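The data block below is input_9.cif; it holds mmCIF, C-alpha atoms and all ligand atoms.
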data_coords
#
loop_
_atom_site.label_atom_id
_atom_site.label_comp_id
_atom_site.auth_asym_id
_atom_site.auth_seq_id
_atom_site.Cartn_x
_atom_site.Cartn_y
_atom_site.Cartn_z
CA MET A 121 -6.80 -62.06 59.91
CA ASN A 122 -4.39 -59.54 58.46
CA LYS A 123 -5.40 -56.83 56.04
CA GLU A 124 -3.77 -58.27 52.95
CA ARG A 125 -5.54 -61.57 53.36
CA ARG A 126 -8.84 -59.79 53.86
CA ASP A 127 -8.21 -57.77 50.70
CA PHE A 128 -7.34 -60.91 48.82
CA ILE A 129 -10.49 -62.71 49.88
CA ARG A 130 -12.59 -59.68 49.07
CA LYS A 131 -11.09 -59.32 45.61
CA THR A 132 -11.32 -62.98 44.68
CA GLY A 133 -14.85 -63.10 46.07
CA LEU A 134 -15.87 -60.13 43.99
CA GLY A 135 -14.05 -61.49 41.00
CA VAL A 136 -15.90 -64.79 41.18
CA LEU A 137 -19.17 -62.94 41.65
CA ALA A 138 -18.49 -60.77 38.63
CA GLY A 139 -17.56 -63.86 36.65
CA ILE A 140 -20.78 -65.63 37.56
CA CYS A 141 -22.80 -62.52 36.79
CA ALA A 142 -21.15 -62.13 33.40
CA SER A 143 -21.60 -65.77 32.42
CA SER A 144 -25.24 -65.82 33.53
CA GLY A 145 -25.91 -62.68 31.52
CA LEU A 146 -26.52 -60.47 34.54
CA LEU A 147 -23.92 -57.94 33.56
CA PRO A 148 -24.52 -56.56 30.12
CA LYS A 149 -22.18 -57.55 27.33
CA PHE A 150 -20.47 -54.37 26.27
CA SER A 151 -21.81 -53.08 23.04
CA LEU A 152 -18.46 -51.38 22.50
CA GLU A 153 -14.93 -52.60 22.75
CA GLU A 154 -14.25 -54.99 25.61
CA THR A 155 -12.12 -53.84 28.50
CA VAL A 156 -10.20 -57.11 28.61
CA LEU A 157 -6.65 -56.46 27.62
CA PRO A 158 -4.61 -58.21 24.97
CA ALA A 159 -0.84 -58.49 24.98
CA TRP A 160 0.07 -54.81 24.61
CA ASP A 161 0.07 -53.97 28.28
CA GLU A 162 3.52 -52.42 28.56
CA LYS A 163 4.52 -48.91 27.70
CA PRO A 164 6.15 -49.37 24.28
CA VAL A 165 9.86 -48.78 23.72
CA PRO A 166 10.40 -45.95 21.23
CA GLY A 167 12.21 -46.83 18.02
CA LYS A 168 11.90 -50.60 18.32
CA ILE A 169 9.25 -50.98 15.66
CA ARG A 170 8.89 -49.06 12.42
CA TRP A 171 5.64 -49.89 10.67
CA GLY A 172 5.74 -49.85 6.91
CA MET A 173 3.58 -50.71 3.92
CA LEU A 174 4.46 -52.23 0.61
CA ILE A 175 2.03 -51.89 -2.29
CA ASP A 176 2.33 -54.23 -5.24
CA THR A 177 0.91 -52.00 -7.96
CA ARG A 178 0.97 -54.88 -10.45
CA LYS A 179 -1.87 -56.52 -8.55
CA CYS A 180 -4.01 -53.42 -8.09
CA LEU A 181 -7.08 -53.32 -10.34
CA ASN A 182 -7.98 -50.02 -11.97
CA GLU A 183 -11.71 -50.37 -11.42
CA CYS A 184 -11.47 -51.43 -7.76
CA SER A 185 -11.45 -49.01 -4.81
CA GLU A 186 -12.26 -51.35 -1.94
CA CYS A 187 -9.37 -50.06 0.19
CA VAL A 188 -10.55 -46.46 -0.10
CA ALA A 189 -14.12 -47.36 0.77
CA LYS A 190 -13.12 -49.55 3.73
CA CYS A 191 -10.67 -47.04 5.20
CA HIS A 192 -13.05 -44.13 4.86
CA PHE A 193 -15.88 -46.09 6.44
CA VAL A 194 -13.80 -47.41 9.35
CA HIS A 195 -12.44 -43.98 10.18
CA ASN A 196 -15.57 -41.93 9.56
CA VAL A 197 -13.99 -39.88 6.79
CA PRO A 198 -16.65 -37.52 5.43
CA ASP A 199 -17.63 -37.25 1.79
CA PHE A 200 -19.23 -33.99 0.71
CA GLY A 201 -19.17 -34.84 -2.95
CA ASN A 202 -17.07 -31.87 -4.01
CA ARG A 203 -13.36 -31.25 -4.40
CA LYS A 204 -13.24 -28.11 -2.29
CA ASP A 205 -14.36 -29.83 0.92
CA GLU A 206 -12.73 -33.15 0.09
CA VAL A 207 -11.20 -35.13 2.98
CA LYS A 208 -9.13 -38.18 2.10
CA TRP A 209 -6.91 -40.65 3.93
CA ILE A 210 -6.19 -42.92 0.98
CA TRP A 211 -6.89 -42.37 -2.68
CA LYS A 212 -6.08 -43.63 -6.15
CA SER A 213 -4.32 -41.58 -8.73
CA SER A 214 -2.31 -41.80 -11.93
CA TYR A 215 1.40 -42.52 -12.25
CA GLU A 216 2.35 -38.93 -12.98
CA HIS A 217 0.44 -37.69 -9.94
CA VAL A 218 1.78 -40.22 -7.47
CA PHE A 219 5.33 -40.22 -8.78
CA PRO A 220 5.62 -36.77 -10.35
CA THR A 221 9.39 -36.60 -10.04
CA SER A 222 10.24 -40.07 -11.31
CA THR A 223 10.85 -40.81 -14.94
CA GLN A 224 7.78 -40.81 -17.13
CA GLN A 225 9.41 -40.96 -20.51
CA PHE A 226 9.10 -44.22 -22.37
CA ARG A 227 7.51 -46.11 -19.49
CA THR A 228 5.51 -49.11 -20.65
CA SER A 229 1.92 -48.14 -21.37
CA ASP A 230 0.85 -50.66 -18.73
CA VAL A 231 2.70 -48.72 -16.03
CA LEU A 232 1.36 -45.39 -17.22
CA LEU A 233 -2.24 -46.61 -17.38
CA ARG A 234 -2.32 -48.32 -13.99
CA SER A 235 -3.81 -46.51 -11.00
CA TYR A 236 -1.70 -46.10 -7.88
CA ILE A 237 -2.68 -45.95 -4.24
CA ALA A 238 -1.52 -42.93 -2.29
CA MET A 239 -1.67 -42.37 1.46
CA CYS A 240 0.41 -40.78 4.20
CA ASN A 241 3.95 -42.16 3.94
CA HIS A 242 4.62 -42.01 7.68
CA CYS A 243 7.95 -40.54 6.77
CA ALA A 244 10.88 -41.43 9.01
CA ASP A 245 11.94 -37.81 8.71
CA ALA A 246 8.54 -36.18 8.51
CA PRO A 247 8.45 -32.49 7.60
CA CYS A 248 4.88 -32.14 8.88
CA THR A 249 5.87 -32.91 12.47
CA ARG A 250 8.49 -30.18 12.32
CA ALA A 251 6.04 -27.63 10.96
CA CYS A 252 3.35 -28.21 13.57
CA PRO A 253 3.55 -25.49 16.25
CA THR A 254 1.50 -27.42 18.83
CA GLU A 255 3.01 -30.88 18.36
CA ALA A 256 -0.45 -32.06 17.41
CA THR A 257 1.18 -34.10 14.69
CA PHE A 258 4.09 -36.11 16.01
CA LYS A 259 6.25 -39.15 15.43
CA ARG A 260 5.11 -42.09 17.51
CA TRP A 261 7.26 -44.74 19.18
CA ASP A 262 6.43 -47.16 16.36
CA GLY A 263 7.22 -44.95 13.39
CA ILE A 264 3.65 -43.83 12.80
CA VAL A 265 3.19 -40.12 12.20
CA SER A 266 0.18 -39.58 14.40
CA MET A 267 -2.35 -36.81 14.89
CA ASP A 268 -3.52 -35.72 18.31
CA TYR A 269 -6.72 -34.05 17.18
CA HIS A 270 -7.22 -32.66 20.68
CA ARG A 271 -4.28 -30.34 20.14
CA CYS A 272 -4.74 -29.30 16.52
CA ILE A 273 -5.50 -25.60 16.14
CA GLY A 274 -6.11 -25.81 12.40
CA CYS A 275 -3.23 -23.61 11.30
CA ARG A 276 -2.53 -25.97 8.34
CA PHE A 277 1.24 -25.54 8.49
CA CYS A 278 1.49 -29.32 8.22
CA MET A 279 -0.50 -29.30 4.99
CA ALA A 280 1.95 -26.85 3.51
CA ALA A 281 4.87 -28.92 4.76
CA CYS A 282 3.72 -32.30 3.46
CA PRO A 283 5.09 -32.83 -0.05
CA TYR A 284 2.56 -35.57 -0.81
CA GLY A 285 -0.78 -33.87 -0.19
CA SER A 286 -1.56 -36.49 2.44
CA ARG A 287 -3.45 -34.12 4.69
CA SER A 288 -6.95 -32.71 4.49
CA PHE A 289 -8.59 -29.88 6.34
CA ASN A 290 -12.09 -30.04 7.74
CA TRP A 291 -13.67 -26.93 6.30
CA ARG A 292 -17.08 -28.15 7.41
CA ASP A 293 -18.42 -30.21 10.29
CA PRO A 294 -17.41 -33.69 9.11
CA ARG A 295 -20.44 -35.31 10.73
CA GLU A 296 -22.62 -33.77 8.01
CA GLY A 297 -20.70 -35.69 5.39
CA ILE A 298 -20.81 -39.16 6.96
CA LYS A 299 -23.56 -41.29 5.53
CA LEU A 300 -22.78 -44.54 7.30
CA ALA A 301 -21.04 -44.02 10.64
CA SER A 302 -18.67 -46.48 12.26
CA VAL A 303 -18.90 -46.69 16.06
CA ASP A 304 -15.34 -47.97 16.48
CA TYR A 305 -13.64 -44.69 15.79
CA PRO A 306 -14.46 -41.06 16.63
CA THR A 307 -15.10 -38.40 14.04
CA ARG A 308 -13.16 -35.16 13.79
CA GLU A 309 -14.55 -31.67 14.17
CA GLN A 310 -14.60 -28.61 12.01
CA GLY A 311 -11.26 -26.79 11.89
CA VAL A 312 -8.82 -29.68 12.35
CA VAL A 313 -6.54 -31.41 9.89
CA GLU A 314 -6.72 -35.17 9.42
CA LYS A 315 -4.87 -37.92 7.57
CA CYS A 316 -4.14 -41.65 7.50
CA ASN A 317 -3.11 -43.02 10.91
CA PHE A 318 -1.72 -46.34 9.60
CA CYS A 319 -4.68 -47.83 11.43
CA SER A 320 -3.11 -47.30 14.84
CA ASP A 321 -6.65 -47.80 16.17
CA ARG A 322 -6.75 -51.28 14.65
CA LEU A 323 -3.16 -52.20 15.52
CA VAL A 324 -3.94 -51.98 19.25
CA ARG A 325 -6.72 -54.46 18.67
CA GLY A 326 -4.37 -56.81 16.87
CA LEU A 327 -5.77 -56.11 13.40
CA ILE A 328 -3.87 -55.16 10.27
CA PRO A 329 -4.73 -51.89 8.48
CA ALA A 330 -8.18 -51.75 6.95
CA CYS A 331 -6.91 -51.14 3.41
CA ALA A 332 -4.63 -54.18 3.56
CA GLU A 333 -7.42 -56.33 4.95
CA SER A 334 -10.01 -55.24 2.41
CA CYS A 335 -7.89 -55.64 -0.74
CA PRO A 336 -9.26 -58.57 -2.80
CA GLN A 337 -5.96 -58.74 -4.71
CA LYS A 338 -3.74 -58.84 -1.62
CA ALA A 339 -1.73 -55.96 -3.04
CA PHE A 340 -0.77 -54.63 0.41
CA THR A 341 1.88 -55.99 2.76
CA PHE A 342 2.05 -54.40 6.18
CA GLY A 343 4.86 -55.06 8.62
CA ASP A 344 7.77 -53.98 10.74
CA LEU A 345 10.57 -52.47 8.66
CA ASN A 346 12.96 -52.91 11.57
CA ASP A 347 12.42 -56.66 11.71
CA PRO A 348 14.68 -58.37 9.13
CA LYS A 349 12.45 -61.47 9.25
CA SER A 350 9.17 -59.70 8.46
CA ASP A 351 7.21 -60.34 5.23
CA ILE A 352 7.64 -56.77 4.15
CA ARG A 353 11.41 -56.97 4.48
CA ALA A 354 11.45 -60.22 2.51
CA LEU A 355 9.51 -58.54 -0.31
CA LEU A 356 11.76 -55.49 -0.20
CA GLU A 357 14.68 -57.86 -0.47
CA SER A 358 13.33 -59.75 -3.46
CA ASN A 359 11.81 -56.88 -5.46
CA ASN A 360 12.88 -53.60 -6.92
CA THR A 361 10.81 -51.01 -5.07
CA MET A 362 10.13 -47.28 -5.20
CA GLN A 363 9.23 -44.58 -2.70
CA ARG A 364 7.43 -41.35 -3.50
CA LYS A 365 9.75 -38.37 -4.04
CA PRO A 366 12.72 -40.03 -2.35
CA GLU A 367 14.95 -37.10 -3.34
CA LEU A 368 13.31 -34.95 -0.65
CA GLY A 369 14.88 -37.02 2.09
CA THR A 370 11.63 -37.63 4.00
CA LYS A 371 12.33 -41.39 4.03
CA PRO A 372 8.79 -42.65 3.36
CA SER A 373 7.66 -45.89 5.00
CA VAL A 374 5.36 -46.72 2.09
CA PHE A 375 6.99 -48.64 -0.75
CA TYR A 376 5.78 -49.54 -4.24
CA ILE A 377 6.55 -52.43 -6.54
CA ILE A 378 6.06 -51.08 -10.04
CA MET B 342 -72.06 -35.67 45.85
CA ARG B 343 -71.65 -34.23 42.33
CA ILE B 344 -67.91 -34.09 42.83
CA ASN B 345 -67.80 -37.63 44.09
CA LYS B 346 -69.68 -38.78 41.02
CA THR B 347 -67.28 -37.06 38.61
CA ILE B 348 -64.37 -38.53 40.46
CA LEU B 349 -65.96 -41.93 40.09
CA THR B 350 -66.80 -41.55 36.39
CA ILE B 351 -63.33 -40.37 35.51
CA GLY B 352 -61.41 -42.21 38.17
CA LEU B 353 -62.78 -45.70 37.69
CA PRO B 354 -62.01 -46.04 33.96
CA ALA B 355 -58.65 -44.45 34.57
CA LEU B 356 -57.91 -46.95 37.31
CA LEU B 357 -59.01 -49.78 35.08
CA MET B 358 -56.82 -48.58 32.26
CA PHE B 359 -53.83 -48.31 34.54
CA ALA B 360 -54.47 -51.79 35.83
CA LEU B 361 -54.73 -53.08 32.26
CA LEU B 362 -51.59 -51.24 31.27
CA ALA B 363 -49.69 -52.64 34.21
CA PHE B 364 -51.00 -56.09 33.36
CA PHE B 365 -49.92 -55.90 29.74
CA ARG B 366 -46.58 -54.44 30.65
CA GLN B 367 -46.00 -57.23 33.09
CA SER B 368 -47.09 -59.94 30.72
CA GLY B 369 -44.95 -58.30 28.03
CA ASN B 370 -41.97 -58.36 30.31
CA ALA B 371 -42.59 -61.89 31.47
CA VAL B 372 -41.87 -63.22 28.00
CA GLU B 373 -38.46 -61.63 27.70
CA ALA B 374 -37.40 -61.35 31.33
CA PRO B 375 -34.27 -63.23 32.34
CA LYS B 376 -34.81 -65.89 34.96
CA ALA B 377 -32.72 -64.10 37.57
CA PRO B 378 -33.66 -60.67 38.95
CA PRO B 379 -32.03 -57.71 37.19
CA ALA B 380 -28.46 -57.10 38.27
CA PRO B 381 -27.43 -53.91 40.03
CA VAL B 382 -25.46 -52.75 37.01
CA ALA B 383 -25.23 -49.10 37.94
CA VAL B 384 -23.79 -49.73 41.39
CA ASP B 385 -21.41 -52.49 40.40
CA SER B 386 -18.16 -51.12 41.77
CA THR B 387 -16.15 -54.10 40.53
CA LYS B 388 -16.31 -52.48 37.14
CA CYS B 389 -15.58 -48.90 38.18
CA ILE B 390 -12.04 -47.62 37.88
CA ALA B 391 -12.16 -45.64 41.13
CA GLN B 392 -14.45 -44.53 43.95
CA THR B 393 -17.51 -42.57 42.87
CA GLU B 394 -16.59 -39.59 45.07
CA TYR B 395 -13.14 -39.45 43.55
CA MET B 396 -14.46 -39.72 40.00
CA ARG B 397 -17.10 -37.08 40.61
CA ALA B 398 -14.42 -34.56 41.51
CA ASN B 399 -11.56 -35.77 39.32
CA HIS B 400 -12.91 -37.47 36.19
CA MET B 401 -11.61 -34.66 34.00
CA LYS B 402 -8.09 -35.12 35.36
CA VAL B 403 -8.31 -38.86 34.86
CA LEU B 404 -9.50 -38.44 31.27
CA TYR B 405 -6.83 -35.83 30.59
CA GLU B 406 -4.12 -38.16 31.89
CA TRP B 407 -5.57 -41.11 29.94
CA ARG B 408 -5.74 -39.14 26.73
CA ASN B 409 -2.17 -37.88 26.92
CA SER B 410 -0.52 -41.10 27.99
CA SER B 411 -2.44 -43.32 25.59
CA VAL B 412 -2.34 -41.09 22.51
CA ARG B 413 1.17 -39.76 22.93
CA GLU B 414 3.08 -42.48 24.79
CA GLY B 415 1.09 -45.54 23.85
CA ASN B 416 0.55 -46.50 27.45
CA ARG B 417 -2.99 -47.77 27.16
CA VAL B 418 -3.39 -49.66 30.40
CA PHE B 419 -4.74 -48.18 33.59
CA ILE B 420 -4.17 -50.14 36.78
CA ALA B 421 -6.78 -49.33 39.39
CA GLN B 422 -6.06 -49.21 43.12
CA ASN B 423 -7.52 -52.66 43.62
CA GLY B 424 -5.20 -54.03 40.94
CA SER B 425 -7.73 -54.48 38.14
CA ARG B 426 -6.73 -53.32 34.69
CA PHE B 427 -8.62 -51.14 32.28
CA GLN B 428 -8.08 -49.87 28.79
CA LYS B 429 -7.53 -46.12 28.79
CA SER B 430 -10.43 -45.31 26.56
CA LEU B 431 -13.66 -43.39 26.77
CA LYS B 432 -15.24 -46.66 25.71
CA THR B 433 -14.22 -48.21 29.02
CA CYS B 434 -16.36 -45.64 30.80
CA LEU B 435 -19.25 -45.69 28.38
CA GLY B 436 -19.35 -49.50 28.40
CA CYS B 437 -21.29 -49.11 31.65
CA HIS B 438 -22.23 -45.48 31.94
CA ALA B 439 -23.99 -45.25 28.59
CA THR B 440 -26.85 -47.20 30.22
CA ASN B 441 -27.81 -43.77 31.52
CA ARG B 442 -28.20 -41.75 28.34
CA LEU B 443 -28.00 -38.48 30.25
CA PHE B 444 -24.95 -39.52 32.24
CA CYS B 445 -22.53 -36.71 31.34
CA PHE B 446 -25.12 -34.17 30.32
CA ASN B 447 -27.10 -33.87 33.56
CA CYS B 448 -24.22 -32.59 35.65
CA HIS B 449 -22.57 -30.59 32.91
CA MET B 450 -25.78 -28.74 32.22
CA TYR B 451 -26.27 -28.05 35.91
CA ALA B 452 -22.69 -26.83 36.32
CA ASN B 453 -22.83 -24.97 33.00
CA VAL B 454 -19.64 -26.51 31.64
CA ARG B 455 -19.38 -27.38 27.97
CA PRO B 456 -16.58 -29.83 27.30
CA LYS B 457 -16.01 -30.52 23.61
CA CYS B 458 -15.66 -34.29 23.86
CA TRP B 459 -18.82 -35.01 21.90
CA ASN B 460 -17.80 -32.98 18.88
CA CYS B 461 -15.82 -36.06 17.93
CA HIS B 462 -16.45 -38.91 20.38
CA LEU B 463 -19.74 -40.73 20.67
CA SER B 464 -21.67 -39.43 23.68
CA PRO B 465 -23.76 -41.65 26.00
CA MET B 466 -26.76 -40.57 23.94
CA GLU B 467 -25.21 -41.83 20.72
CA THR B 468 -23.51 -45.04 21.86
CA PRO B 469 -25.24 -48.08 20.43
S1 LIG C 1 3.43 -38.16 3.94
FE1 LIG C 1 3.10 -36.02 4.56
S2 LIG C 1 1.72 -36.18 6.33
FE2 LIG C 1 2.60 -38.21 6.02
S3 LIG C 1 4.42 -38.22 7.37
FE3 LIG C 1 5.13 -37.62 5.34
S4 LIG C 1 5.07 -35.38 5.40
FE4 LIG C 1 3.83 -36.08 7.12
S1 LIG C 2 -3.11 -27.77 11.35
FE1 LIG C 2 -3.00 -28.86 13.32
S2 LIG C 2 -1.64 -30.61 12.96
FE2 LIG C 2 -1.34 -29.18 11.24
S3 LIG C 2 0.41 -27.90 11.86
FE3 LIG C 2 -1.43 -26.79 12.52
S4 LIG C 2 -1.82 -27.51 14.66
FE4 LIG C 2 -0.33 -28.95 13.72
#
Rewrite the coordinates I just gave you, this time as structure tokens.
Amino acid sequence: MNKERRDFIRKTGLGVLAGICASSGLLPKFSLEETVLPAWDEKPVPGKIRWGMLIDTRKCLNECSECVAKCHFVHNVPDFGNRKDEVKWIWKSSYEHVFPTSTQQFRTSDVLLRSYIAMCNHCADAPCTRACPTEATFKRWDGIVSMDYHRCIGCRFCMAACPYGSRSFNWRDPREGIKLASVDYPTREQGVVEKCNFCSDRLVRGLIPACAESCPQKAFTFGDLNDPKSDIRALLESNNTMQRKPELGTKPSVFYII
Amino acid sequence: MRINKTILTIGLPALLMFALLAFFRQSGNAVEAPKAPPAPVAVDSTKCIAQTEYMRANHMKVLYEWRNSSVREGNRVFIAQNGSRFQKSLKTCLGCHATNRLFCFNCHMYANVRPKCWNCHLSPMETP
């Protein structure tokens, strides 16, 4: 018997054994993520996808903050209850805070009284990635501006570079500020910057971003801006939309229907 | 003689208690125990990504490579030498290894190395 055949028999034998063990409950069911792999098994091609978000502010309810709560729970974002130590990935604010450079004169009172969702814009031309000396914050293959917390030295250049205030610094050990911890995502440590990751952790599991999923009003549309047939492109086609501070040339990937 | 007596007075009840304890433990187990004998989870090499000897010496290099290629390039799949595929994640390791709550700590304490993984990631002690 040649070696390959022996290998084959050994592998299939072991495979069957493992299968039987698993089905009979001999091997423990993993309490964490399964190691079985979904479709994303290839190294992605850079530039093919550009994830984007469209927020229909007409649907967003002033008194609701489900998206904030869900995101901050899923990603173990700490809450210390004071502004100085505040860490936020997504938040709600007024029109003049979210769109400070767009016209505010003689807007309808409805528009001025609404609350608007703000998060990292995952800018196509992101100033934060250029400011970071360690490349801890970088543009991913799919348009997401990602943080590699392993590399962050806490210099906060990126915070100064971001024109949207999307980044927060961990002045304290964030674990002290997490009341209910999620086991699906790590925490950060003291001395690193953090921000919205467009749920890259959920995208690899085939889930849409937590904010979009949690919204009872379905105000969020998430999709590929490079795909002309995507829902988000259809909505961009059929609605008049806005970006935050477009005059800065950062090319945000988050759009708003006002 | 005296000594023998003390041994008997202390030893006999102790023996009885141990026997009782063992009995209760066994009867306790018997209710929940699966029908088949417990599986050799810890030595199940079909689930390990590489040989134990290799991992003992090189796990830090493996994790370093996994971290960089998955976080920065999006290449999340590790193909082991025997062809099986694993997700490049600490969770892949802890899926099995967290059964030993002291898994990472024992060696690291002995070798006096203090990696900072657990400042952010859930350690074998904290995994559910
Ligand atoms: S919104 Fe700020 S943090 Fe996000 S990509 Fe743009 S510059 Fe960077
Ligand atoms: S704080 Fe971290 S992510 Fe921001 S610029 Fe400095 S090293 Fe880069």
| query | Using all atoms listed in the file, which of A:Pro348, A:Gly274, A:Pro166, A:Gly285 sits nearest ligand LIG 1 (chain C)? | reply | A:Gly285
| query | Of the candidates A:Ala354, A:Ile377, A:Ile264, A:Ala251, which one gets nearest to ligand LIG 2 (chain C) if we count only C-alpha atoms and all ligand atoms? | reply |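 Between A:Ala354, A:Ile377, A:Ile264, A:Ala251, the residue approaching ligand LIG 2 (chain C) most closely is A:Ala251.
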| Using only C-alpha atoms and all ligand atoms, what are the residues with an atom within 8 Å of ligand LIG 2 (chain C), set out as a PyMOL selection string? | chain A and resi 248-249+251-257+267-269+271-279+289+312-314
| What's the 8 Å shell around His242 of chain A, counting all atoms listed in the file, without same-chain residues fewer than 4 positions away, as a VMD selection string? | chain A and resid 172 246 263 to 265 318 372 to 374
| task | For atom FE2 of ligand LIG 1 (chain C) and atom CA of Trp407 of chain B, determine how far apart the two atoms are, in Å to one decimal place. | result |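 Computed distance, atom FE2 of ligand LIG 1 (chain C) to atom CA of Trp407 of chain B, equals 25.4 Å.
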| request: Calculate how many Å separate atom CA of Gln337 of chain A from atom CA of Lys179 of chain A, rounding to one decimal. | output: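 These two atoms are separated by 6.0 Å.
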Kindly compute an axis-aligned box around the listed atoms of ligand LIG 1 (chain C), allowing 3 Å on each side, and express its centre and edge lengths in Å to one decimal as JSON.
{"center_x": 3.4, "center_y": -36.8, "center_z": 5.7, "size_x": 9.4, "size_y": 8.8, "size_z": 9.4}
| field | Pairwise distance for atom CA of Thr223 of chain A and atom CA of Cys331 of chain A, rounded to one decimal in Å | value | 27.5 Å
| query | Which neighbours of Asn460 of chain B fall inside 12 Å, counting only C-alpha atoms, when residues of the same chain fewer than 6 positions from it are skipped, and could you give them as a PyMOL selection string? | reply | (chain A and resi 269-270+293-296+306-312) or (chain B and resi 467)
| message | I need every residue sitting at most 8 Å from the point (11.7, -51.0, -4.5) (coordinates as in the file, all atoms listed in the file considered), written as an MDAnalysis selection string. | response | chainID A and resid 356 359:363 375:378
| remark: Of A:Ser266, A:Ser320, A:Ser302, A:Asn241, the one sitting nearest ligand LIG 1 (chain C) when using all atoms listed in the file is A:Asn241
